[in-house]
>>> print(open('work-v3.txt').read())   # compact mmCIF, C-alpha atoms
# COMPACT_ATOMS: atom_id res chain seq x y z
CA MET A 1 0.00 0.00 0.00
CA ILE A 2 1.18 3.51 -0.80
CA ASN A 3 -0.17 6.92 0.15
CA SER A 4 -1.76 9.02 -2.56
CA GLN A 5 0.89 11.75 -2.15
CA ASP A 6 3.57 9.21 -3.16
CA ILE A 7 2.10 8.80 -6.67
CA LYS A 8 4.49 9.53 -9.57
CA ASN A 9 4.30 9.10 -13.35
CA GLY A 10 4.62 5.41 -14.20
CA THR A 11 3.32 4.17 -10.84
CA CYS A 12 1.04 1.16 -11.26
CA ILE A 13 -1.96 0.83 -8.92
CA ARG A 14 -4.80 -1.66 -8.55
CA MET A 15 -8.20 0.01 -8.25
CA ASP A 16 -11.68 -1.51 -8.64
CA GLY A 17 -10.08 -4.83 -9.63
CA ARG A 18 -8.21 -3.29 -12.58
CA LEU A 19 -4.61 -2.18 -13.11
CA TYR A 20 -3.82 1.44 -13.98
CA PHE A 21 -0.62 3.32 -14.78
CA VAL A 22 -0.36 6.94 -13.66
CA VAL A 23 0.12 9.04 -16.79
CA GLU A 24 -0.08 12.46 -15.17
CA PHE A 25 -0.43 13.77 -11.63
CA LEU A 26 -0.85 17.17 -9.99
CA HIS A 27 -0.63 18.06 -6.31
CA VAL A 28 -3.49 20.59 -5.77
CA LYS A 29 -3.67 22.86 -2.74
CA PRO A 30 -6.87 24.93 -3.02
CA GLY A 31 -7.42 28.11 -0.98
CA LYS A 32 -10.20 26.40 0.97
CA GLY A 33 -10.48 22.74 1.77
CA ASN A 34 -8.06 19.84 1.87
CA THR A 35 -5.12 19.17 -0.42
CA PHE A 36 -5.65 16.45 -3.04
CA MET A 37 -3.96 14.70 -5.95
CA ARG A 38 -5.49 15.06 -9.42
CA THR A 39 -4.39 12.16 -11.63
CA LYS A 40 -4.84 10.74 -15.11
CA LEU A 41 -4.81 6.94 -15.07
CA LYS A 42 -4.40 4.65 -18.09
CA ASP A 43 -6.06 1.24 -17.96
CA VAL A 44 -3.48 -1.46 -18.67
CA VAL A 45 -5.94 -3.76 -20.49
CA ASP A 46 -7.91 -1.50 -22.82
CA GLY A 47 -5.82 1.69 -22.81
CA ARG A 48 -8.64 4.01 -21.73
CA VAL A 49 -7.59 7.09 -19.77
CA LEU A 50 -9.63 8.35 -16.83
CA GLU A 51 -9.22 11.23 -14.43
CA ARG A 52 -9.41 10.58 -10.69
CA ARG A 53 -8.96 12.64 -7.52
CA PHE A 54 -7.39 11.21 -4.39
CA ASN A 55 -7.35 12.88 -0.98
CA ILE A 56 -3.93 13.25 0.62
CA GLY A 57 -3.26 10.32 2.95
CA GLU A 58 -5.61 7.98 1.06
CA LYS A 59 -4.17 4.44 0.86
CA LEU A 60 -3.79 2.88 -2.59
CA GLU A 61 -2.79 -0.65 -3.57
CA ASP A 62 0.40 -0.40 -5.59
CA VAL A 63 1.51 -3.09 -8.01
CA ARG A 64 5.21 -3.81 -8.46
CA VAL A 65 5.98 -4.09 -12.15
CA GLU A 66 9.10 -5.38 -13.86
CA ARG A 67 10.41 -4.24 -17.23
CA ARG A 68 12.59 -6.69 -19.12
CA PRO A 69 13.94 -6.80 -22.67
CA TYR A 70 12.57 -9.62 -24.82
CA GLN A 71 13.46 -10.47 -28.42
CA PHE A 72 10.70 -11.08 -30.98
CA LEU A 73 11.16 -14.52 -32.60
CA TYR A 74 8.05 -15.29 -34.70
CA SER A 75 4.25 -15.12 -34.94
CA GLU A 76 2.04 -18.11 -34.22
CA GLY A 77 -1.70 -17.63 -34.70
CA SER A 78 -2.90 -14.70 -32.58
CA ASP A 79 0.27 -14.71 -30.45
CA ASN A 80 3.81 -13.46 -30.91
CA ILE A 81 6.60 -15.56 -29.43
CA PHE A 82 9.27 -13.65 -27.49
CA MET A 83 12.50 -14.80 -25.84
CA ASN A 84 13.89 -13.44 -22.57
CA ASN A 85 17.39 -12.16 -23.37
CA GLU A 86 18.76 -13.28 -19.97
CA THR A 87 17.16 -16.70 -19.36
CA PHE A 88 16.36 -17.65 -23.00
CA GLU A 89 12.84 -18.62 -21.85
CA GLN A 90 10.21 -18.26 -24.60
CA ILE A 91 6.76 -16.82 -23.89
CA PRO A 92 3.72 -16.12 -26.07
CA ILE A 93 2.17 -12.63 -25.90
CA ALA A 94 -1.13 -11.78 -27.61
CA LYS A 95 -0.71 -9.36 -30.53
CA ASP A 96 -3.18 -6.87 -29.05
CA LEU A 97 -0.92 -6.46 -25.97
CA VAL A 98 2.03 -5.25 -28.09
CA THR A 99 2.19 -1.55 -28.95
CA GLY A 100 3.60 -0.95 -32.43
CA VAL A 101 3.07 -4.59 -33.46
CA ASP A 102 2.61 -3.60 -37.14
CA PHE A 103 6.22 -2.36 -37.30
CA MET A 104 7.85 -5.30 -35.51
CA LYS A 105 10.23 -7.58 -37.42
CA GLU A 106 12.08 -10.72 -36.36
CA GLY A 107 14.94 -9.99 -33.99
CA ASP A 108 13.52 -6.70 -32.68
CA THR A 109 13.85 -6.13 -28.94
CA VAL A 110 10.74 -5.01 -27.03
CA GLU A 111 10.25 -4.07 -23.40
CA VAL A 112 7.85 -6.47 -21.66
CA VAL A 113 6.08 -5.09 -18.58
CA SER A 114 4.81 -7.72 -16.15
CA ASP A 115 3.20 -7.83 -12.70
CA ALA A 116 6.05 -8.95 -10.40
CA SER A 117 3.80 -10.76 -7.91
CA THR A 118 1.87 -12.92 -10.40
CA GLU A 119 4.34 -12.91 -13.34
CA THR A 120 1.42 -11.88 -15.59
CA VAL A 121 2.40 -9.98 -18.75
CA LEU A 122 0.62 -6.62 -18.78
CA TYR A 123 1.85 -5.36 -22.16
CA ALA A 124 4.89 -5.13 -24.44
CA GLU A 125 6.27 -1.94 -25.96
CA MET A 126 8.25 -1.47 -29.14
CA PRO A 127 10.96 1.21 -29.06
CA VAL A 128 9.52 4.60 -30.04
CA LYS A 129 11.49 4.67 -33.31
CA THR A 130 12.47 1.80 -35.58
CA VAL A 131 14.28 1.57 -38.92
CA LEU A 132 12.45 -0.25 -41.74
CA LYS A 133 13.15 -0.89 -45.42
CA ILE A 134 10.63 0.18 -48.06
CA THR A 135 9.51 -2.79 -50.16
CA TYR A 136 7.08 -0.96 -52.46
CA THR A 137 6.18 2.62 -53.32
CA GLU A 138 5.50 4.62 -56.47
CA PRO A 139 8.73 6.04 -57.92
CA GLY A 140 9.66 9.51 -56.74
CA LEU A 141 10.84 12.42 -58.84
CA LYS A 142 14.15 14.17 -58.27
CA GLY A 143 13.60 17.57 -56.69
CA ASP A 144 10.13 16.72 -55.32
CA THR A 145 10.83 18.31 -51.96
CA ALA A 146 9.05 21.65 -52.21
CA THR A 147 5.62 20.47 -51.07
CA ASN A 148 4.53 18.58 -47.99
CA THR A 149 2.74 15.93 -50.07
CA LEU A 150 2.88 12.33 -48.84
CA LYS A 151 2.41 9.02 -50.66
CA PRO A 152 1.77 5.50 -49.32
CA ALA A 153 4.71 3.11 -49.00
CA THR A 154 4.78 -0.52 -47.88
CA VAL A 155 7.57 -1.44 -45.46
CA GLU A 156 9.21 -4.85 -44.87
CA THR A 157 6.71 -5.77 -42.12
CA GLY A 158 3.76 -5.29 -44.50
CA ALA A 159 2.52 -2.09 -42.83
CA THR A 160 1.76 1.04 -44.86
CA VAL A 161 3.45 4.33 -43.98
CA ARG A 162 2.87 7.77 -45.54
CA VAL A 163 6.22 9.07 -46.83
CA PRO A 164 7.38 12.17 -48.79
CA LEU A 165 7.39 11.99 -52.61
CA PHE A 166 11.21 11.74 -52.90
CA ILE A 167 11.43 8.41 -51.01
CA ASN A 168 12.01 5.36 -53.28
CA GLU A 169 11.89 1.57 -53.02
CA GLY A 170 14.76 -0.05 -51.14
CA GLU A 171 15.49 3.00 -48.94
CA LEU A 172 15.63 2.80 -45.15
CA ILE A 173 13.31 5.07 -43.19
CA GLU A 174 12.74 5.73 -39.51
CA VAL A 175 9.14 5.21 -38.30
CA ASP A 176 7.45 6.31 -35.07
CA THR A 177 5.87 3.07 -33.75
CA ARG A 178 3.25 4.88 -31.64
CA ASP A 179 1.34 6.32 -34.59
CA GLY A 180 3.07 4.90 -37.69
CA SER A 181 4.34 8.26 -38.93
CA TYR A 182 7.43 8.86 -41.05
CA VAL A 183 10.30 10.40 -39.06
CA GLY A 184 13.14 10.58 -41.58
CA ARG A 185 15.41 8.89 -44.05
CA VAL A 186 18.30 6.74 -42.77
CA LYS A 187 21.59 6.59 -44.59
CA ALA A 188 22.77 3.00 -45.03
>>> encode(input="work-v3.txt", output="structure tokens")
Amino acid sequence: MINSQDIKNGTCIRMDGRLYFVVEFLHVKPGKGNTFMRTKLKDVVDGRVLERRFNIGEKLEDVRVERRPYQFLYSEGSDNIFMNNETFEQIPIAKDLVTGVDFMKEGDTVEVVSDASTETVLYAEMPVKTVLKITYTEPGLKGDTATNTLKPATVETGATVRVPLFINEGELIEVDTRDGSYVGRVKA
């Protein structure tokens, strides 16, 4: 159990039988009345964000979470198979629990977050940016950099990314795995 004033970003708490990560918190001291904590909590399972107020001194059930690097090996049905880089143990994780799953290729390392007391996998996160090769896109024209126009391009994982007109097949690009946006070109 922790006190509500000990809440920080990234703290995991159990409330109403569900697990929540603290996304944002604010210590509020109004002119009248008691001090309280205003928080934004993200549900671990479905990703919904809710706002909640806690009075100072209120006891909350904290959940100890562990973050470990796992390597993506292959897909099998609705699961992805990952290997712990330290113990070489292989575990299946459902595709809907992996953020950025569309941009994940074999050998990529993800961070797996699990409940330390029950060893239950909560979710897995891809790195924010990843480098992917373009397998198909319409040919670009030299000097097509003046406008902010984007075209669709298929990357090696099969996902589609909107890229500038001057990007061609076979080039390496950096992609933001949170929203699938083009970040920049990578020199080989």
>>> closest_residue(input="work-v3.txt", among="A:Val121, A:Val23, A:Val98, A:Ile7", to="A:Lys59", atoms="all atoms listed in the file")
A:Ile7
>>> closest_residue(input="work-v3.txt", among="A:Val44, A:Met104, A:Met126, A:Ile2", to="A:Ile56", atoms="only C-alpha atoms")
A:Ile2
>>> closest_residue(input="work-v3.txt", among="A:Gly33, A:Leu150, A:Tyr20, A:Asp176", to="A:Val49", atoms="all atoms listed in the file")
A:Tyr20
>>> atom_distance(input="work-v3.txt", atom1="atom CA of A:Ile13", atom2="atom CA of A:Val65")
9.9 Å
>>> residues_around(input="work-v3.txt", residues="A:Ala159", least_positions_apart="5", cutoff="8 Å", atoms="all atoms listed in the file", output="list in words")
Asp102, Phe103 and Thr154 of chain A
>>> atom_distance(input="work-v3.txt", atom1="atom CA of A:Leu73", atom2="atom CA of A:Val101")
12.8 Å
>>> residues_around(input="work-v3.txt", residues="stretch 180-184 of chain A", least_positions_apart="3", cutoff="12 Å", atoms="all atoms listed in the file", output="PyMOL selection string")
chain A and resi 99-104+126+128-132+134+150-155+159-167+171-177+187
>>> residues_around(input="work-v3.txt", residues="A:Val63", least_positions_apart="3", cutoff="7 Å", atoms="only C-alpha atoms", output="ChimeraX atom specification")
/A:12-14,115
>>> closest_residue(input="work-v3.txt", among="A:Asp6, A:Glu169, A:Glu119, A:Glu24", to="A:Arg64", atoms="all atoms listed in the file")
A:Glu119
